[in-house]
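Visitor: Pasting a structure here, questions to come.
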Amino acid sequence: WRDPASGREVDLVLTLPQAAAVIEVKYQPDPAIRPGEGLATYRRGDPSVRRWLITRRAEDAGPDPDLGVVRMPAFVYLYLLGWLLQHAA
């Protein structure tokens, strides 16, 4: 997703009937999301949107309440994605 007016973007948007997940991958030593970036602004205020920041550090796990984002190490995200794909009916 990219906002044509501001240029803000997110890497992936998963849309489901009752919810949406917005995913930003920051595979860097010190990932940071500022309040004006796409992950923080995409459908701001919509409680059905889940925001995930995928990082490379194992220490980056858990919620970031200031931005309403859940930080998740890439290896955890990939494990969960593989598990979901394997167990999808």
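So you can find residues: chains in the structure tokens are A, B, ... in the order shown, residues in each start at 1, and ligands are numbered from 1 in order.
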Which residues are near segment 39-51 of chain A? Cut-off 7 Å, only C-alpha atoms, ignore same chain within fewer than 3 positions. Put them as a PDB file with all heavy atoms, in the first residue's frame.
Guide:
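Writing the result to around_3.pdb gives the following:
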```
ATOM      1  N   VAL A  10       3.391   0.818   3.314  1.00  0.00           N
ATOM      2  CA  VAL A  10       3.638  -0.367   4.129  1.00  0.00           C
ATOM      3  C   VAL A  10       3.974  -1.505   3.178  1.00  0.00           C
ATOM      4  O   VAL A  10       3.614  -1.474   2.002  1.00  0.00           O
ATOM      5  CB  VAL A  10       2.443  -0.739   5.038  1.00  0.00           C
ATOM      6  CG1 VAL A  10       2.207   0.324   6.080  1.00  0.00           C
ATOM      7  CG2 VAL A  10       1.201  -0.999   4.247  1.00  0.00           C
ATOM      8  N   ALA A  19     -11.208  -8.168   9.579  1.00  0.00           N
ATOM      9  CA  ALA A  19     -10.023  -7.489  10.090  1.00  0.00           C
ATOM     10  C   ALA A  19      -9.012  -7.290   8.970  1.00  0.00           C
ATOM     11  O   ALA A  19      -9.192  -7.780   7.860  1.00  0.00           O
ATOM     12  CB  ALA A  19      -9.393  -8.307  11.214  1.00  0.00           C
ATOM     13  N   ALA A  20      -7.963  -6.567   9.298  1.00  0.00           N
ATOM     14  CA  ALA A  20      -6.846  -6.379   8.378  1.00  0.00           C
ATOM     15  C   ALA A  20      -5.557  -6.403   9.182  1.00  0.00           C
ATOM     16  O   ALA A  20      -5.532  -6.034  10.357  1.00  0.00           O
ATOM     17  CB  ALA A  20      -6.967  -5.056   7.633  1.00  0.00           C
ATOM     18  N   ALA A  21      -4.489  -6.861   8.557  1.00  0.00           N
ATOM     19  CA  ALA A  21      -3.167  -6.845   9.174  1.00  0.00           C
ATOM     20  C   ALA A  21      -2.243  -6.063   8.258  1.00  0.00           C
ATOM     21  O   ALA A  21      -2.207  -6.300   7.046  1.00  0.00           O
ATOM     22  CB  ALA A  21      -2.648  -8.251   9.383  1.00  0.00           C
ATOM     23  N   VAL A  22      -1.526  -5.123   8.838  1.00  0.00           N
ATOM     24  CA  VAL A  22      -0.568  -4.311   8.096  1.00  0.00           C
ATOM     25  C   VAL A  22       0.816  -4.708   8.587  1.00  0.00           C
ATOM     26  O   VAL A  22       1.074  -4.717   9.790  1.00  0.00           O
ATOM     27  CB  VAL A  22      -0.818  -2.809   8.338  1.00  0.00           C
ATOM     28  CG1 VAL A  22       0.127  -1.979   7.522  1.00  0.00           C
ATOM     29  CG2 VAL A  22      -2.253  -2.457   8.027  1.00  0.00           C
ATOM     30  N   ILE A  23       1.692  -5.057   7.644  1.00  0.00           N
ATOM     31  CA  ILE A  23       3.006  -5.587   8.007  1.00  0.00           C
ATOM     32  C   ILE A  23       4.090  -4.725   7.387  1.00  0.00           C
ATOM     33  O   ILE A  23       4.068  -4.451   6.186  1.00  0.00           O
ATOM     34  CB  ILE A  23       3.145  -7.046   7.540  1.00  0.00           C
ATOM     35  CG1 ILE A  23       2.061  -7.899   8.201  1.00  0.00           C
ATOM     36  CG2 ILE A  23       4.534  -7.578   7.828  1.00  0.00           C
ATOM     37  CD1 ILE A  23       1.926  -9.285   7.634  1.00  0.00           C
ATOM     38  N   GLU A  24       5.040  -4.335   8.212  1.00  0.00           N
ATOM     39  CA  GLU A  24       6.219  -3.598   7.765  1.00  0.00           C
ATOM     40  C   GLU A  24       7.438  -4.411   8.178  1.00  0.00           C
ATOM     41  O   GLU A  24       7.541  -4.845   9.333  1.00  0.00           O
ATOM     42  CB  GLU A  24       6.265  -2.218   8.416  1.00  0.00           C
ATOM     43  CG  GLU A  24       7.433  -1.375   8.007  1.00  0.00           C
ATOM     44  CD  GLU A  24       7.322  -0.827   6.592  1.00  0.00           C
ATOM     45  OE1 GLU A  24       6.193  -0.696   6.076  1.00  0.00           O
ATOM     46  OE2 GLU A  24       8.369  -0.529   6.009  1.00  0.00           O
ATOM     47  N   PRO A  35       5.960   8.074  14.283  1.00  0.00           N
ATOM     48  CA  PRO A  35       4.495   8.225  14.241  1.00  0.00           C
ATOM     49  C   PRO A  35       3.924   8.599  12.876  1.00  0.00           C
ATOM     50  O   PRO A  35       2.803   8.249  12.580  1.00  0.00           O
ATOM     51  CB  PRO A  35       4.232   9.322  15.263  1.00  0.00           C
ATOM     52  CG  PRO A  35       5.367   9.233  16.205  1.00  0.00           C
ATOM     53  CD  PRO A  35       6.564   8.830  15.373  1.00  0.00           C
ATOM     54  N   GLY A  36       4.653   9.260  12.005  1.00  0.00           N
ATOM     55  CA  GLY A  36       4.117   9.668  10.711  1.00  0.00           C
ATOM     56  C   GLY A  36       4.324   8.675   9.590  1.00  0.00           C
ATOM     57  O   GLY A  36       3.908   8.911   8.466  1.00  0.00           O
ATOM     58  N   LEU A  67       2.916   3.158  19.593  1.00  0.00           N
ATOM     59  CA  LEU A  67       2.535   3.191  18.177  1.00  0.00           C
ATOM     60  C   LEU A  67       1.409   2.219  17.844  1.00  0.00           C
ATOM     61  O   LEU A  67       0.941   2.182  16.711  1.00  0.00           O
ATOM     62  CB  LEU A  67       3.747   2.880  17.300  1.00  0.00           C
ATOM     63  CG  LEU A  67       4.870   3.909  17.325  1.00  0.00           C
ATOM     64  CD1 LEU A  67       6.056   3.413  16.522  1.00  0.00           C
ATOM     65  CD2 LEU A  67       4.380   5.238  16.774  1.00  0.00           C
ATOM     66  N   GLY A  68       0.993   1.391  18.785  1.00  0.00           N
ATOM     67  CA  GLY A  68      -0.045   0.407  18.492  1.00  0.00           C
ATOM     68  C   GLY A  68       0.444  -0.681  17.562  1.00  0.00           C
ATOM     69  O   GLY A  68      -0.298  -1.171  16.714  1.00  0.00           O
ATOM     70  N   VAL A  69       1.719  -1.061  17.715  1.00  0.00           N
ATOM     71  CA  VAL A  69       2.379  -2.023  16.836  1.00  0.00           C
ATOM     72  C   VAL A  69       2.849  -3.208  17.667  1.00  0.00           C
ATOM     73  O   VAL A  69       3.253  -3.037  18.810  1.00  0.00           O
ATOM     74  CB  VAL A  69       3.592  -1.349  16.149  1.00  0.00           C
ATOM     75  CG1 VAL A  69       4.450  -2.350  15.424  1.00  0.00           C
ATOM     76  CG2 VAL A  69       3.139  -0.250  15.210  1.00  0.00           C
ATOM     77  N   VAL A  70       2.797  -4.395  17.078  1.00  0.00           N
ATOM     78  CA  VAL A  70       3.397  -5.575  17.695  1.00  0.00           C
ATOM     79  C   VAL A  70       4.704  -5.847  16.962  1.00  0.00           C
ATOM     80  O   VAL A  70       4.712  -6.028  15.742  1.00  0.00           O
ATOM     81  CB  VAL A  70       2.464  -6.799  17.620  1.00  0.00           C
ATOM     82  CG1 VAL A  70       3.174  -8.040  18.139  1.00  0.00           C
ATOM     83  CG2 VAL A  70       1.195  -6.538  18.406  1.00  0.00           C
TER      84      VAL A  70
END
```
Visitor: Identify all residues of chain A in helix (DSSP H, G or I) (DSSP on the backbone) and supply them as a VMD selection string.
Guide: chain A and resid 38 to 41 74 to 87
Visitor: Would you please work out which residue, of A:Pro73, A:Asp11, A:Pro4, A:Pro65, is nearest to Gln28 of chain A when using only C-alpha atoms?
Guide: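 Checking each of A:Pro73, A:Asp11, A:Pro4, A:Pro65 against Gln28 of chain A, counting only C-alpha atoms, the winner is A:Pro73.
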Visitor: Can you check which residues of chain A DSSP gives as strand (DSSP E or B) on the backbone and send them as a count of residues only?
Guide: 28
Visitor: Could you jot down the atom CA of Leu81 of chain A to atom CA of Pro29 of chain A separation for me, Å, one decimal place?
Guide: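 Computing it gives 22.7 Å between the two atoms.
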Visitor: Which residues come within 10 Å of Arg71 of chain A, counting only C-alpha atoms, excluding same-chain residues fewer than 3 positions away, as an mmCIF file with all heavy atoms, in the first residue's frame?
Guide:
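Produced file part-v5.cif, reproduced below:
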```
data_model
loop_
_atom_site.group_PDB
_atom_site.id
_atom_site.type_symbol
_atom_site.label_atom_id
_atom_site.label_comp_id
_atom_site.auth_asym_id
_atom_site.auth_seq_id
_atom_site.Cartn_x
_atom_site.Cartn_y
_atom_site.Cartn_z
ATOM 1 N N GLU A 24 5.040 -4.335 8.212
ATOM 2 C CA GLU A 24 6.219 -3.598 7.765
ATOM 3 C C GLU A 24 7.438 -4.411 8.178
ATOM 4 O O GLU A 24 7.541 -4.845 9.333
ATOM 5 C CB GLU A 24 6.265 -2.218 8.416
ATOM 6 C CG GLU A 24 7.433 -1.375 8.007
ATOM 7 C CD GLU A 24 7.322 -0.827 6.592
ATOM 8 O OE1 GLU A 24 6.193 -0.696 6.076
ATOM 9 O OE2 GLU A 24 8.369 -0.529 6.009
ATOM 10 N N VAL A 25 8.343 -4.650 7.243
ATOM 11 C CA VAL A 25 9.565 -5.389 7.532
ATOM 12 C C VAL A 25 10.711 -4.390 7.622
ATOM 13 O O VAL A 25 10.962 -3.650 6.681
ATOM 14 C CB VAL A 25 9.858 -6.449 6.451
ATOM 15 C CG1 VAL A 25 11.159 -7.171 6.742
ATOM 16 C CG2 VAL A 25 8.701 -7.421 6.336
ATOM 17 N N PRO A 31 15.640 -1.158 14.228
ATOM 18 C CA PRO A 31 14.421 -0.759 13.526
ATOM 19 C C PRO A 31 13.640 0.285 14.316
ATOM 20 O O PRO A 31 13.495 0.179 15.528
ATOM 21 C CB PRO A 31 13.631 -2.057 13.413
ATOM 22 C CG PRO A 31 14.091 -2.859 14.578
ATOM 23 C CD PRO A 31 15.528 -2.488 14.798
ATOM 24 N N ARG A 51 -1.289 -4.113 13.452
ATOM 25 C CA ARG A 51 -0.033 -3.621 12.886
ATOM 26 C C ARG A 51 1.131 -4.439 13.416
ATOM 27 O O ARG A 51 1.322 -4.524 14.622
ATOM 28 C CB ARG A 51 0.152 -2.146 13.255
ATOM 29 C CG ARG A 51 -0.839 -1.264 12.572
ATOM 30 C CD ARG A 51 -0.834 0.148 13.142
ATOM 31 N NE ARG A 51 -1.676 1.019 12.350
ATOM 32 C CZ ARG A 51 -2.991 1.037 12.419
ATOM 33 N NH1 ARG A 51 -3.621 0.243 13.251
ATOM 34 N NH2 ARG A 51 -3.699 1.840 11.655
ATOM 35 N N TRP A 52 1.920 -5.005 12.502
ATOM 36 C CA TRP A 52 3.058 -5.834 12.874
ATOM 37 C C TRP A 52 4.320 -5.241 12.276
ATOM 38 O O TRP A 52 4.368 -4.912 11.085
ATOM 39 C CB TRP A 52 2.913 -7.252 12.359
ATOM 40 C CG TRP A 52 1.743 -8.014 12.904
ATOM 41 C CD1 TRP A 52 0.993 -7.720 14.019
ATOM 42 C CD2 TRP A 52 1.177 -9.190 12.356
ATOM 43 N NE1 TRP A 52 0.009 -8.644 14.192
ATOM 44 C CE2 TRP A 52 0.094 -9.565 13.188
ATOM 45 C CE3 TRP A 52 1.474 -9.976 11.265
ATOM 46 C CZ2 TRP A 52 -0.677 -10.687 12.943
ATOM 47 C CZ3 TRP A 52 0.708 -11.090 11.016
ATOM 48 C CH2 TRP A 52 -0.353 -11.449 11.852
ATOM 49 N N LEU A 53 5.345 -5.137 13.094
ATOM 50 C CA LEU A 53 6.665 -4.720 12.644
ATOM 51 C C LEU A 53 7.578 -5.928 12.746
ATOM 52 O O LEU A 53 7.836 -6.436 13.836
ATOM 53 C CB LEU A 53 7.191 -3.573 13.514
ATOM 54 C CG LEU A 53 8.623 -3.128 13.237
ATOM 55 C CD1 LEU A 53 8.755 -2.615 11.800
ATOM 56 C CD2 LEU A 53 9.048 -2.063 14.228
ATOM 57 N N ILE A 54 8.052 -6.418 11.595
ATOM 58 C CA ILE A 54 8.910 -7.586 11.547
ATOM 59 C C ILE A 54 10.361 -7.095 11.559
ATOM 60 O O ILE A 54 10.742 -6.275 10.723
ATOM 61 C CB ILE A 54 8.644 -8.428 10.282
ATOM 62 C CG1 ILE A 54 7.145 -8.740 10.128
ATOM 63 C CG2 ILE A 54 9.479 -9.693 10.284
ATOM 64 C CD1 ILE A 54 6.510 -9.433 11.293
ATOM 65 N N THR A 55 11.144 -7.612 12.520
ATOM 66 C CA THR A 55 12.524 -7.171 12.686
ATOM 67 C C THR A 55 13.470 -8.358 12.658
ATOM 68 O O THR A 55 13.032 -9.505 12.572
ATOM 69 C CB THR A 55 12.699 -6.437 14.030
ATOM 70 O OG1 THR A 55 12.580 -7.375 15.094
ATOM 71 C CG2 THR A 55 11.672 -5.338 14.203
ATOM 72 N N ARG A 57 15.962 -8.753 15.133
ATOM 73 C CA ARG A 57 16.472 -9.002 16.480
ATOM 74 C C ARG A 57 15.479 -9.829 17.304
ATOM 75 O O ARG A 57 14.288 -9.516 17.346
ATOM 76 C CB ARG A 57 16.750 -7.693 17.209
ATOM 77 C CG ARG A 57 17.797 -6.859 16.542
ATOM 78 C CD ARG A 57 18.132 -5.618 17.299
ATOM 79 N NE ARG A 57 17.014 -5.075 18.068
ATOM 80 C CZ ARG A 57 17.121 -4.051 18.877
ATOM 81 N NH1 ARG A 57 18.262 -3.449 19.038
ATOM 82 N NH2 ARG A 57 16.068 -3.600 19.532
ATOM 83 N N ALA A 58 15.995 -10.854 17.989
ATOM 84 C CA ALA A 58 15.147 -11.684 18.843
ATOM 85 C C ALA A 58 14.563 -10.867 19.988
ATOM 86 O O ALA A 58 13.479 -11.187 20.485
ATOM 87 C CB ALA A 58 15.944 -12.863 19.385
ATOM 88 N N GLU A 59 15.258 -9.817 20.406
ATOM 89 C CA GLU A 59 14.778 -8.984 21.512
ATOM 90 C C GLU A 59 13.540 -8.176 21.136
ATOM 91 O O GLU A 59 12.847 -7.655 22.009
ATOM 92 C CB GLU A 59 15.864 -8.005 21.970
ATOM 93 C CG GLU A 59 17.177 -8.648 22.356
ATOM 94 C CD GLU A 59 18.077 -8.905 21.153
ATOM 95 O OE1 GLU A 59 18.199 -8.038 20.271
ATOM 96 O OE2 GLU A 59 18.645 -10.003 21.081
ATOM 97 N N ASP A 60 13.291 -8.022 19.846
ATOM 98 C CA ASP A 60 12.159 -7.225 19.381
ATOM 99 C C ASP A 60 10.898 -8.076 19.342
ATOM 100 O O ASP A 60 10.400 -8.442 18.289
ATOM 101 C CB ASP A 60 12.428 -6.658 17.993
ATOM 102 C CG ASP A 60 13.440 -5.534 18.011
ATOM 103 O OD1 ASP A 60 13.546 -4.866 19.051
ATOM 104 O OD2 ASP A 60 14.107 -5.329 16.999
ATOM 105 N N ALA A 61 10.387 -8.401 20.502
ATOM 106 C CA ALA A 61 9.174 -9.206 20.564
ATOM 107 C C ALA A 61 8.216 -8.572 21.550
ATOM 108 O O ALA A 61 8.595 -8.252 22.672
ATOM 109 C CB ALA A 61 9.500 -10.635 20.989
ATOM 110 N N GLY A 62 7.002 -8.345 21.093
ATOM 111 C CA GLY A 62 5.991 -7.821 21.991
ATOM 112 C C GLY A 62 5.384 -6.519 21.502
ATOM 113 O O GLY A 62 5.763 -5.981 20.467
ATOM 114 N N PRO A 63 4.426 -6.017 22.254
ATOM 115 C CA PRO A 63 3.699 -4.813 21.822
ATOM 116 C C PRO A 63 4.505 -3.540 22.053
ATOM 117 O O PRO A 63 5.313 -3.451 22.971
ATOM 118 C CB PRO A 63 2.453 -4.826 22.707
ATOM 119 C CG PRO A 63 2.856 -5.585 23.921
ATOM 120 C CD PRO A 63 3.869 -6.595 23.466
ATOM 121 N N ASP A 64 4.269 -2.581 21.187
ATOM 122 C CA ASP A 64 4.790 -1.223 21.341
ATOM 123 C C ASP A 64 3.554 -0.336 21.479
ATOM 124 O O ASP A 64 2.992 0.111 20.483
ATOM 125 C CB ASP A 64 5.622 -0.821 20.131
ATOM 126 C CG ASP A 64 6.245 0.558 20.262
ATOM 127 O OD1 ASP A 64 5.764 1.359 21.092
ATOM 128 O OD2 ASP A 64 7.205 0.831 19.527
ATOM 129 N N GLY A 68 0.993 1.391 18.785
ATOM 130 C CA GLY A 68 -0.045 0.407 18.492
ATOM 131 C C GLY A 68 0.444 -0.681 17.562
ATOM 132 O O GLY A 68 -0.298 -1.171 16.714
ATOM 133 N N ALA A 74 11.818 -11.802 12.762
ATOM 134 C CA ALA A 74 11.518 -12.443 11.479
ATOM 135 C C ALA A 74 11.401 -13.960 11.610
ATOM 136 O O ALA A 74 10.525 -14.564 10.994
ATOM 137 C CB ALA A 74 12.582 -12.076 10.449
ATOM 138 N N TYR A 77 7.954 -14.803 12.899
ATOM 139 C CA TYR A 77 6.956 -14.548 11.860
ATOM 140 C C TYR A 77 6.970 -15.665 10.816
ATOM 141 O O TYR A 77 5.914 -16.189 10.443
ATOM 142 C CB TYR A 77 7.222 -13.189 11.212
ATOM 143 C CG TYR A 77 6.370 -12.911 10.017
ATOM 144 C CD1 TYR A 77 5.020 -12.611 10.162
ATOM 145 C CD2 TYR A 77 6.894 -12.960 8.734
ATOM 146 C CE1 TYR A 77 4.219 -12.367 9.061
ATOM 147 C CE2 TYR A 77 6.107 -12.708 7.634
ATOM 148 C CZ TYR A 77 4.774 -12.413 7.799
ATOM 149 O OH TYR A 77 3.987 -12.173 6.703
#
```
Visitor: Please, what distance in Å, to one decimal, runs between atom CA of Gly82 of chain A and atom CA of Trp1 of chain A?
Guide: 23.6 Å
Visitor: As an exercise, work out the distance from atom CA of Tyr79 of chain A to atom CA of Arg56 of chain A in Å and give it to one decimal place.
Guide: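 Interatomic distance here is 13.5 Å.
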